[in-house]
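Data block for final_22.pdb (PDB, C-alpha atoms):
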```
ATOM      1  CA  MET S   1     117.317 -78.326-109.087  1.00  0.00           C
ATOM      2  CA  THR S   2     120.381 -80.503-108.740  1.00  0.00           C
ATOM      3  CA  LYS S   3     121.018 -83.479-106.518  1.00  0.00           C
ATOM      4  CA  ILE S   4     122.648 -82.541-103.211  1.00  0.00           C
ATOM      5  CA  SER S   5     126.046 -83.915-102.326  1.00  0.00           C
ATOM      6  CA  ALA S   6     126.596 -87.343-100.798  1.00  0.00           C
ATOM      7  CA  ASP S   7     127.915 -85.614 -97.676  1.00  0.00           C
ATOM      8  CA  ALA S   8     124.724 -83.569 -97.363  1.00  0.00           C
ATOM      9  CA  LEU S   9     122.579 -86.696 -97.765  1.00  0.00           C
ATOM     10  CA  LYS S  10     124.587 -88.400 -95.035  1.00  0.00           C
ATOM     11  CA  GLN S  11     124.203 -85.450 -92.654  1.00  0.00           C
ATOM     12  CA  LEU S  12     120.476 -85.063 -93.213  1.00  0.00           C
ATOM     13  CA  PHE S  13     119.393 -88.703 -93.521  1.00  0.00           C
ATOM     14  CA  LEU S  14     121.796 -91.574 -94.043  1.00  0.00           C
ATOM     15  CA  ASP S  15     124.104 -91.035 -91.057  1.00  0.00           C
ATOM     16  CA  ALA S  16     121.692 -88.977 -88.951  1.00  0.00           C
ATOM     17  CA  ARG S  17     120.495 -90.726 -85.827  1.00  0.00           C
ATOM     18  CA  THR S  18     117.942 -90.215 -83.083  1.00  0.00           C
ATOM     19  CA  GLN S  19     120.055 -89.013 -80.188  1.00  0.00           C
ATOM     20  CA  ASN S  20     119.570 -90.420 -76.693  1.00  0.00           C
ATOM     21  CA  GLY S  21     122.189 -88.232 -75.047  1.00  0.00           C
ATOM     22  CA  PHE S  22     123.682 -84.812 -75.599  1.00  0.00           C
ATOM     23  CA  LEU S  23     127.001 -83.142 -74.954  1.00  0.00           C
ATOM     24  CA  ASP S  24     127.180 -80.246 -72.520  1.00  0.00           C
ATOM     25  CA  LYS S  25     127.443 -77.722 -75.345  1.00  0.00           C
ATOM     26  CA  PRO S  26     124.966 -74.868 -75.687  1.00  0.00           C
ATOM     27  CA  VAL S  27     122.672 -74.115 -78.600  1.00  0.00           C
ATOM     28  CA  SER S  28     122.307 -70.395 -79.178  1.00  0.00           C
ATOM     29  CA  ASP S  29     119.114 -68.439 -79.749  1.00  0.00           C
ATOM     30  CA  GLU S  30     120.573 -67.466 -83.128  1.00  0.00           C
ATOM     31  CA  GLN S  31     120.851 -71.144 -84.082  1.00  0.00           C
ATOM     32  CA  LEU S  32     117.212 -71.715 -83.090  1.00  0.00           C
ATOM     33  CA  ARG S  33     116.138 -68.744 -85.196  1.00  0.00           C
ATOM     34  CA  GLU S  34     118.189 -70.049 -88.113  1.00  0.00           C
ATOM     35  CA  LEU S  35     116.710 -73.529 -87.950  1.00  0.00           C
ATOM     36  CA  TYR S  36     113.171 -72.107 -87.801  1.00  0.00           C
ATOM     37  CA  ASP S  37     113.872 -69.728 -90.691  1.00  0.00           C
ATOM     38  CA  ILE S  38     114.963 -72.721 -92.778  1.00  0.00           C
ATOM     39  CA  ALA S  39     112.131 -75.010 -91.646  1.00  0.00           C
ATOM     40  CA  LYS S  40     109.391 -72.462 -92.298  1.00  0.00           C
ATOM     41  CA  MET S  41     110.192 -72.597 -96.005  1.00  0.00           C
ATOM     42  CA  GLY S  42     108.996 -76.220 -96.272  1.00  0.00           C
ATOM     43  CA  ALA S  43     105.722 -76.781 -98.098  1.00  0.00           C
ATOM     44  CA  THR S  44     102.384 -76.948 -96.286  1.00  0.00           C
ATOM     45  CA  SER S  45      98.981 -77.250 -97.911  1.00  0.00           C
ATOM     46  CA  MET S  46      97.684 -73.803 -98.848  1.00  0.00           C
ATOM     47  CA  ASN S  47     100.693 -72.389 -96.972  1.00  0.00           C
ATOM     48  CA  THR S  48      98.785 -72.962 -93.715  1.00  0.00           C
ATOM     49  CA  GLN S  49     101.904 -73.161 -91.507  1.00  0.00           C
ATOM     50  CA  PRO S  50     100.109 -74.428 -88.360  1.00  0.00           C
ATOM     51  CA  MET S  51     103.253 -75.471 -86.455  1.00  0.00           C
ATOM     52  CA  ARG S  52     104.053 -73.582 -83.277  1.00  0.00           C
ATOM     53  CA  VAL S  53     107.207 -74.315 -81.284  1.00  0.00           C
ATOM     54  CA  ILE S  54     108.207 -73.626 -77.716  1.00  0.00           C
ATOM     55  CA  PHE S  55     111.957 -73.998 -77.250  1.00  0.00           C
ATOM     56  CA  LEU S  56     112.700 -74.935 -73.641  1.00  0.00           C
ATOM     57  CA  ARG S  57     116.244 -73.709 -72.909  1.00  0.00           C
ATOM     58  CA  THR S  58     116.379 -73.177 -69.162  1.00  0.00           C
ATOM     59  CA  LYS S  59     116.356 -75.520 -66.207  1.00  0.00           C
ATOM     60  CA  GLU S  60     113.178 -73.845 -64.959  1.00  0.00           C
ATOM     61  CA  ALA S  61     111.394 -74.414 -68.273  1.00  0.00           C
ATOM     62  CA  LYS S  62     112.483 -78.052 -68.359  1.00  0.00           C
ATOM     63  CA  GLN S  63     111.198 -78.556 -64.789  1.00  0.00           C
ATOM     64  CA  ARG S  64     107.753 -77.512 -65.996  1.00  0.00           C
ATOM     65  CA  LEU S  65     107.936 -80.290 -68.602  1.00  0.00           C
ATOM     66  CA  ALA S  66     109.376 -82.979 -66.307  1.00  0.00           C
ATOM     67  CA  PRO S  67     106.074 -84.229 -64.784  1.00  0.00           C
ATOM     68  CA  ALA S  68     104.788 -85.079 -68.260  1.00  0.00           C
ATOM     69  CA  LEU S  69     107.801 -87.160 -69.341  1.00  0.00           C
ATOM     70  CA  SER S  70     107.991 -90.938 -69.262  1.00  0.00           C
ATOM     71  CA  PRO S  71     110.811 -92.249 -67.044  1.00  0.00           C
ATOM     72  CA  GLY S  72     112.891 -93.273 -70.065  1.00  0.00           C
ATOM     73  CA  ASN S  73     112.817 -89.743 -71.477  1.00  0.00           C
ATOM     74  CA  LEU S  74     113.390 -87.743 -68.291  1.00  0.00           C
ATOM     75  CA  ASP S  75     117.182 -87.740 -67.898  1.00  0.00           C
ATOM     76  CA  LYS S  76     118.025 -87.198 -71.550  1.00  0.00           C
ATOM     77  CA  THR S  77     115.525 -84.349 -71.798  1.00  0.00           C
ATOM     78  CA  MET S  78     116.870 -82.639 -68.707  1.00  0.00           C
ATOM     79  CA  ALA S  79     120.407 -82.942 -70.119  1.00  0.00           C
ATOM     80  CA  ALA S  80     119.618 -81.740 -73.651  1.00  0.00           C
ATOM     81  CA  PRO S  81     120.496 -78.101 -74.342  1.00  0.00           C
ATOM     82  CA  VAL S  82     117.053 -77.495 -75.884  1.00  0.00           C
ATOM     83  CA  THR S  83     113.763 -79.337 -75.945  1.00  0.00           C
ATOM     84  CA  ALA S  84     111.282 -78.241 -78.605  1.00  0.00           C
ATOM     85  CA  ILE S  85     107.582 -78.671 -77.968  1.00  0.00           C
ATOM     86  CA  VAL S  86     106.255 -79.036 -81.508  1.00  0.00           C
ATOM     87  CA  ALA S  87     102.584 -78.132 -81.538  1.00  0.00           C
ATOM     88  CA  ARG S  88      99.778 -77.203 -83.897  1.00  0.00           C
ATOM     89  CA  ASP S  89      97.706 -74.034 -83.804  1.00  0.00           C
ATOM     90  CA  MET S  90      94.130 -75.252 -84.180  1.00  0.00           C
ATOM     91  CA  GLN S  91      93.088 -71.766 -85.301  1.00  0.00           C
ATOM     92  CA  PHE S  92      95.904 -71.376 -87.846  1.00  0.00           C
ATOM     93  CA  TYR S  93      93.342 -70.133 -90.351  1.00  0.00           C
ATOM     94  CA  GLU S  94      93.129 -66.778 -88.549  1.00  0.00           C
ATOM     95  CA  TYR S  95      96.338 -65.875 -90.395  1.00  0.00           C
ATOM     96  CA  MET S  96      95.245 -67.049 -93.845  1.00  0.00           C
ATOM     97  CA  PRO S  97      94.536 -63.528 -95.161  1.00  0.00           C
ATOM     98  CA  GLU S  98      98.202 -62.675 -94.453  1.00  0.00           C
ATOM     99  CA  ILE S  99      99.823 -65.812 -95.849  1.00  0.00           C
ATOM    100  CA  TRP S 100      97.565 -67.081 -98.647  1.00  0.00           C
ATOM    101  CA  HIS S 101      96.672 -65.296-101.876  1.00  0.00           C
ATOM    102  CA  ASN S 102      92.930 -65.869-101.419  1.00  0.00           C
ATOM    103  CA  PRO S 103      91.622 -64.315 -98.176  1.00  0.00           C
ATOM    104  CA  ALA S 104      88.445 -66.429 -98.459  1.00  0.00           C
ATOM    105  CA  ALA S 105      90.535 -69.415 -97.351  1.00  0.00           C
ATOM    106  CA  ARG S 106      90.081 -68.267 -93.760  1.00  0.00           C
ATOM    107  CA  GLU S 107      86.337 -68.899 -93.899  1.00  0.00           C
ATOM    108  CA  THR S 108      86.835 -72.212 -95.709  1.00  0.00           C
ATOM    109  CA  PHE S 109      88.632 -73.558 -92.625  1.00  0.00           C
ATOM    110  CA  ALA S 110      86.689 -71.592 -89.995  1.00  0.00           C
ATOM    111  CA  SER S 111      83.403 -73.068 -91.226  1.00  0.00           C
ATOM    112  CA  ASN S 112      84.673 -76.645 -91.494  1.00  0.00           C
ATOM    113  CA  ALA S 113      86.123 -77.864 -88.178  1.00  0.00           C
ATOM    114  CA  PRO S 114      86.996 -81.415 -89.353  1.00  0.00           C
ATOM    115  CA  MET S 115      88.891 -80.032 -92.350  1.00  0.00           C
ATOM    116  CA  ALA S 116      90.704 -77.480 -90.176  1.00  0.00           C
ATOM    117  CA  GLN S 117      91.685 -80.132 -87.633  1.00  0.00           C
ATOM    118  CA  ALA S 118      92.974 -82.554 -90.273  1.00  0.00           C
ATOM    119  CA  THR S 119      94.924 -79.755 -91.946  1.00  0.00           C
ATOM    120  CA  ALA S 120      96.468 -78.649 -88.647  1.00  0.00           C
ATOM    121  CA  VAL S 121      97.497 -82.177 -87.653  1.00  0.00           C
ATOM    122  CA  ARG S 122      98.970 -83.152 -91.013  1.00  0.00           C
ATOM    123  CA  ASN S 123     100.810 -79.945 -91.747  1.00  0.00           C
ATOM    124  CA  ALA S 124     102.185 -79.219 -88.269  1.00  0.00           C
ATOM    125  CA  THR S 125     103.635 -82.732 -88.164  1.00  0.00           C
ATOM    126  CA  LEU S 126     105.125 -82.165 -91.599  1.00  0.00           C
ATOM    127  CA  GLN S 127     106.638 -78.902 -90.377  1.00  0.00           C
ATOM    128  CA  GLY S 128     108.031 -80.690 -87.325  1.00  0.00           C
ATOM    129  CA  ALA S 129     109.924 -82.999 -89.685  1.00  0.00           C
ATOM    130  CA  TYR S 130     111.224 -79.975 -91.569  1.00  0.00           C
ATOM    131  CA  LEU S 131     112.387 -78.557 -88.243  1.00  0.00           C
ATOM    132  CA  MET S 132     114.433 -81.684 -87.556  1.00  0.00           C
ATOM    133  CA  ILE S 133     115.984 -81.645 -91.026  1.00  0.00           C
ATOM    134  CA  ALA S 134     116.796 -77.948 -90.631  1.00  0.00           C
ATOM    135  CA  ALA S 135     118.470 -78.670 -87.297  1.00  0.00           C
ATOM    136  CA  ARG S 136     120.610 -81.351 -88.918  1.00  0.00           C
ATOM    137  CA  ALA S 137     121.393 -79.018 -91.824  1.00  0.00           C
ATOM    138  CA  ILE S 138     122.965 -76.469 -89.459  1.00  0.00           C
ATOM    139  CA  GLY S 139     124.970 -79.094 -87.592  1.00  0.00           C
ATOM    140  CA  LEU S 140     122.665 -79.957 -84.694  1.00  0.00           C
ATOM    141  CA  ASP S 141     121.357 -83.353 -83.628  1.00  0.00           C
ATOM    142  CA  CYS S 142     117.791 -84.308 -82.757  1.00  0.00           C
ATOM    143  CA  GLY S 143     116.071 -86.712 -80.405  1.00  0.00           C
ATOM    144  CA  PRO S 144     112.338 -86.748 -81.243  1.00  0.00           C
ATOM    145  CA  MET S 145     110.053 -88.298 -78.633  1.00  0.00           C
ATOM    146  CA  SER S 146     106.478 -89.362 -78.174  1.00  0.00           C
ATOM    147  CA  GLY S 147     106.898 -90.851 -74.674  1.00  0.00           C
ATOM    148  CA  PHE S 148     105.091 -88.213 -72.652  1.00  0.00           C
ATOM    149  CA  ASP S 149     101.656 -87.227 -71.376  1.00  0.00           C
ATOM    150  CA  ILE S 150     100.242 -84.899 -74.036  1.00  0.00           C
ATOM    151  CA  ALA S 151      97.404 -83.684 -71.808  1.00  0.00           C
ATOM    152  CA  LYS S 152      99.897 -82.580 -69.145  1.00  0.00           C
ATOM    153  CA  VAL S 153     102.066 -80.749 -71.685  1.00  0.00           C
ATOM    154  CA  ASN S 154      99.031 -79.016 -73.168  1.00  0.00           C
ATOM    155  CA  ALA S 155      97.743 -78.002 -69.724  1.00  0.00           C
ATOM    156  CA  GLU S 156     101.124 -76.585 -68.717  1.00  0.00           C
ATOM    157  CA  PHE S 157     102.182 -74.840 -71.912  1.00  0.00           C
ATOM    158  CA  PHE S 158      98.949 -74.284 -73.880  1.00  0.00           C
ATOM    159  CA  PRO S 159      96.284 -73.763 -71.204  1.00  0.00           C
ATOM    160  CA  ASP S 160      93.930 -71.814 -73.482  1.00  0.00           C
ATOM    161  CA  GLY S 161      93.586 -74.872 -75.749  1.00  0.00           C
ATOM    162  CA  ARG S 162      94.345 -73.059 -78.982  1.00  0.00           C
ATOM    163  CA  CYS S 163      97.513 -75.095 -79.557  1.00  0.00           C
ATOM    164  CA  GLN S 164      97.938 -78.821 -79.085  1.00  0.00           C
ATOM    165  CA  THR S 165     101.197 -80.683 -78.669  1.00  0.00           C
ATOM    166  CA  ASP S 166     102.297 -83.047 -81.413  1.00  0.00           C
ATOM    167  CA  PHE S 167     105.721 -84.297 -80.251  1.00  0.00           C
ATOM    168  CA  LEU S 168     108.842 -83.306 -78.348  1.00  0.00           C
ATOM    169  CA  CYS S 169     112.306 -83.046 -79.827  1.00  0.00           C
ATOM    170  CA  ASN S 170     115.561 -82.671 -77.930  1.00  0.00           C
ATOM    171  CA  ILE S 171     118.085 -80.569 -79.851  1.00  0.00           C
ATOM    172  CA  GLY S 172     121.815 -80.162 -79.365  1.00  0.00           C
ATOM    173  CA  TYR S 173     125.063 -81.942 -80.054  1.00  0.00           C
ATOM    174  CA  GLY S 174     124.641 -85.688 -79.759  1.00  0.00           C
ATOM    175  CA  ASP S 175     126.703 -87.886 -77.481  1.00  0.00           C
ATOM    176  CA  THR S 176     127.541 -90.771 -79.811  1.00  0.00           C
ATOM    177  CA  SER S 177     128.425 -93.016 -76.859  1.00  0.00           C
ATOM    178  CA  LYS S 178     124.692 -93.149 -76.025  1.00  0.00           C
ATOM    179  CA  LEU S 179     123.447 -94.132 -79.463  1.00  0.00           C
ATOM    180  CA  MET S 180     121.501 -97.355 -79.869  1.00  0.00           C
ATOM    181  CA  GLY S 181     122.238 -99.621 -82.806  1.00  0.00           C
ATOM    182  CA  ARG S 182     120.694 -98.628 -86.125  1.00  0.00           C
ATOM    183  CA  GLN S 183     117.325-100.343 -86.474  1.00  0.00           C
ATOM    184  CA  PRO S 184     116.197-101.889 -89.784  1.00  0.00           C
ATOM    185  CA  ARG S 185     114.127 -99.975 -92.314  1.00  0.00           C
ATOM    186  CA  HIS S 186     111.434-101.404 -94.591  1.00  0.00           C
ATOM    187  CA  SER S 187     112.475-102.286 -98.113  1.00  0.00           C
ATOM    188  CA  PHE S 188     111.127-100.432-101.134  1.00  0.00           C
ATOM    189  CA  GLU S 189     109.193-103.576-102.068  1.00  0.00           C
ATOM    190  CA  ARG S 190     107.414-103.725 -98.718  1.00  0.00           C
ATOM    191  CA  ALA S 191     106.657-100.042 -98.386  1.00  0.00           C
ATOM    192  CA  CYS S 192     106.046 -98.905-101.952  1.00  0.00           C
ATOM    193  CA  THR S 193     103.782 -99.775-104.865  1.00  0.00           C
ATOM    194  CA  LEU S 194     104.426 -98.830-108.469  1.00  0.00           C
ATOM    195  CA  LEU S 195     101.242 -98.486-110.530  1.00  0.00           C
TER     196      LEU S 195
END
```

As structure tokens:
Amino acid sequence: MTKISADALKQLFLDARTQNGFLDKPVSDEQLRELYDIAKMGATSMNTQPMRVIFLRTKEAKQRLAPALSPGNLDKTMAAPVTAIVARDMQFYEYMPEIWHNPAARETFASNAPMAQATAVRNATLQGAYLMIAARAIGLDCGPMSGFDIAKVNAEFFPDGRCQTDFLCNIGYGDTSKLMGRQPRHSFERACTLL
């Protein structure tokens, strides 16, 4: 492994911003496939891969989401080219025989609901972060959100209860005129401990 370029670091992290507005420029299905195909390669414990994503691309799909959004997130979500519902499959372990070298892993999770739930929550959220980094890597901007009614989103998009929403993320080409000022980050000394 070698260190990535300064330009790549800027695009993925240092200059990347949470977007509050998007340009009227479409995101193609091919771009969404590409960002998923990159994101899916990120590590998850025991290769569980519990993230499931619904990409809302049409006005009709966004209207289904609208009743669940907080007022501050409504307009920007309706204007974004794509809104991803990042969710977790609570029965991800059904696929373990296909994706993990030891087929007995399925029963390990199936027989231990607390372990399965914790694994789904942790790893789907991790995959959601990979999804955002992948979007930035292919030149898209992201606006992740938690200001919405999760129960309403789950009822509308995951009525069988198998999947549960984690967060929403608008995806497209950011409108820099709608950016807020960069907020401070914790110092290494505050956030980290060396033992």

Report as JSON, numbers by chain all protein, DNA and RNA residues lying within 7 Å of region 55-71 of chain S, evaluated on only C-alpha atoms, omitting residues in the same chain fewer than 5 positions from it. {"S": [78, 81, 82, 83, 84, 85, 147, 148, 149, 152, 153]}

Hits from the PyMOL selection byres ((chain S and resi 142) around 8), listed as an MDAnalysis selection string: chainID S and resid 17:19 132 135:136 140:141 143:144 169:172 174

For the residues in the current selection, export C-alpha atoms as a short mmCIF file (atom, residue, chain, number, x, y, z; two decimals), keeping the file's coordinate frame.
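File out26.cif, as written:
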```cif
data_model
loop_
_atom_site.label_atom_id
_atom_site.label_comp_id
_atom_site.auth_asym_id
_atom_site.auth_seq_id
_atom_site.Cartn_x
_atom_site.Cartn_y
_atom_site.Cartn_z
CA ARG S 17 120.50 -90.73 -85.83
CA THR S 18 117.94 -90.22 -83.08
CA GLN S 19 120.06 -89.01 -80.19
CA MET S 132 114.43 -81.68 -87.56
CA ALA S 135 118.47 -78.67 -87.30
CA ARG S 136 120.61 -81.35 -88.92
CA LEU S 140 122.66 -79.96 -84.69
CA ASP S 141 121.36 -83.35 -83.63
CA GLY S 143 116.07 -86.71 -80.40
CA PRO S 144 112.34 -86.75 -81.24
CA CYS S 169 112.31 -83.05 -79.83
CA ASN S 170 115.56 -82.67 -77.93
CA ILE S 171 118.08 -80.57 -79.85
CA GLY S 172 121.82 -80.16 -79.36
CA GLY S 174 124.64 -85.69 -79.76
#
```

Output of the PyMOL selection byres ((chain S and resi 117-125) around 10), listed as a compact mmCIF listing (two decimals) with C-alpha atoms, in the frame of the given file:
```
# COMPACT_ATOMS: atom_id res chain seq x y z
CA ALA S 43 105.72 -76.78 -98.10
CA THR S 44 102.38 -76.95 -96.29
CA SER S 45 98.98 -77.25 -97.91
CA MET S 46 97.68 -73.80 -98.85
CA ASN S 47 100.69 -72.39 -96.97
CA THR S 48 98.78 -72.96 -93.72
CA GLN S 49 101.90 -73.16 -91.51
CA PRO S 50 100.11 -74.43 -88.36
CA MET S 51 103.25 -75.47 -86.46
CA ARG S 52 104.05 -73.58 -83.28
CA VAL S 53 107.21 -74.32 -81.28
CA VAL S 86 106.26 -79.04 -81.51
CA ALA S 87 102.58 -78.13 -81.54
CA ARG S 88 99.78 -77.20 -83.90
CA ASP S 89 97.71 -74.03 -83.80
CA MET S 90 94.13 -75.25 -84.18
CA GLN S 91 93.09 -71.77 -85.30
CA PHE S 92 95.90 -71.38 -87.85
CA TYR S 93 93.34 -70.13 -90.35
CA PHE S 109 88.63 -73.56 -92.62
CA ASN S 112 84.67 -76.64 -91.49
CA ALA S 113 86.12 -77.86 -88.18
CA PRO S 114 87.00 -81.42 -89.35
CA MET S 115 88.89 -80.03 -92.35
CA ALA S 116 90.70 -77.48 -90.18
CA LEU S 126 105.12 -82.16 -91.60
CA GLN S 127 106.64 -78.90 -90.38
CA GLY S 128 108.03 -80.69 -87.32
CA ALA S 129 109.92 -83.00 -89.68
CA TYR S 130 111.22 -79.97 -91.57
CA LEU S 131 112.39 -78.56 -88.24
CA CYS S 163 97.51 -75.10 -79.56
CA GLN S 164 97.94 -78.82 -79.08
CA THR S 165 101.20 -80.68 -78.67
CA ASP S 166 102.30 -83.05 -81.41
CA PHE S 167 105.72 -84.30 -80.25
```

Point-to-point distance from CA of Phe13 (chain S) to CA of Gly139 (chain S), Å rounded to tenths: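 Computing it gives 12.6 Å between the two atoms.
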
Gap from CA of Thr108 (chain S) to CA of Met96 (chain S) - Å, one decimal: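 Separation between CA of Thr108 (chain S) and CA of Met96 (chain S): 10.0 Å.
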
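In this structure, CA of Met145 (chain S) sits 10.3 Å away from CA of Gly72 (chain S).
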
I need the residue nearest Met41 (chain S) from this list: S:Ala79, S:Ala134, S:Met1, S:Asp29. Use all atoms listed in the file for the distance.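 Answer, going by the shortest atom-to-atom distance: S:Ala134.
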
Please determine, counting all atoms listed in the file, which residue among S:Ala39, S:Arg185, S:Tyr95, S:Asp160 has the shortest atom-to-atom distance to Ala110 (chain S).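 Comparing S:Ala39, S:Arg185, S:Tyr95, S:Asp160 against Ala110 (chain S), the winner is S:Tyr95.
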
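Between Ala137 (chain S) and the residues S:Leu14, S:Leu35, S:Ile4, S:Gly21, the shortest atom-to-atom distance, using all atoms listed in the file, involves S:Leu35.
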
For Ile54 (chain S), the nearest of the candidates S:Pro103, S:Leu74, S:Asn154, S:Asp24, counting all atoms listed in the file: S:Asn154

When distances are computed from all atoms listed in the file, which of S:Leu23, S:Ala8, S:Ala16, S:Ile38 shows the smallest separation from Lys178 (chain S)?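 With all atoms listed in the file as the atom set, the closest residue is S:Leu23.
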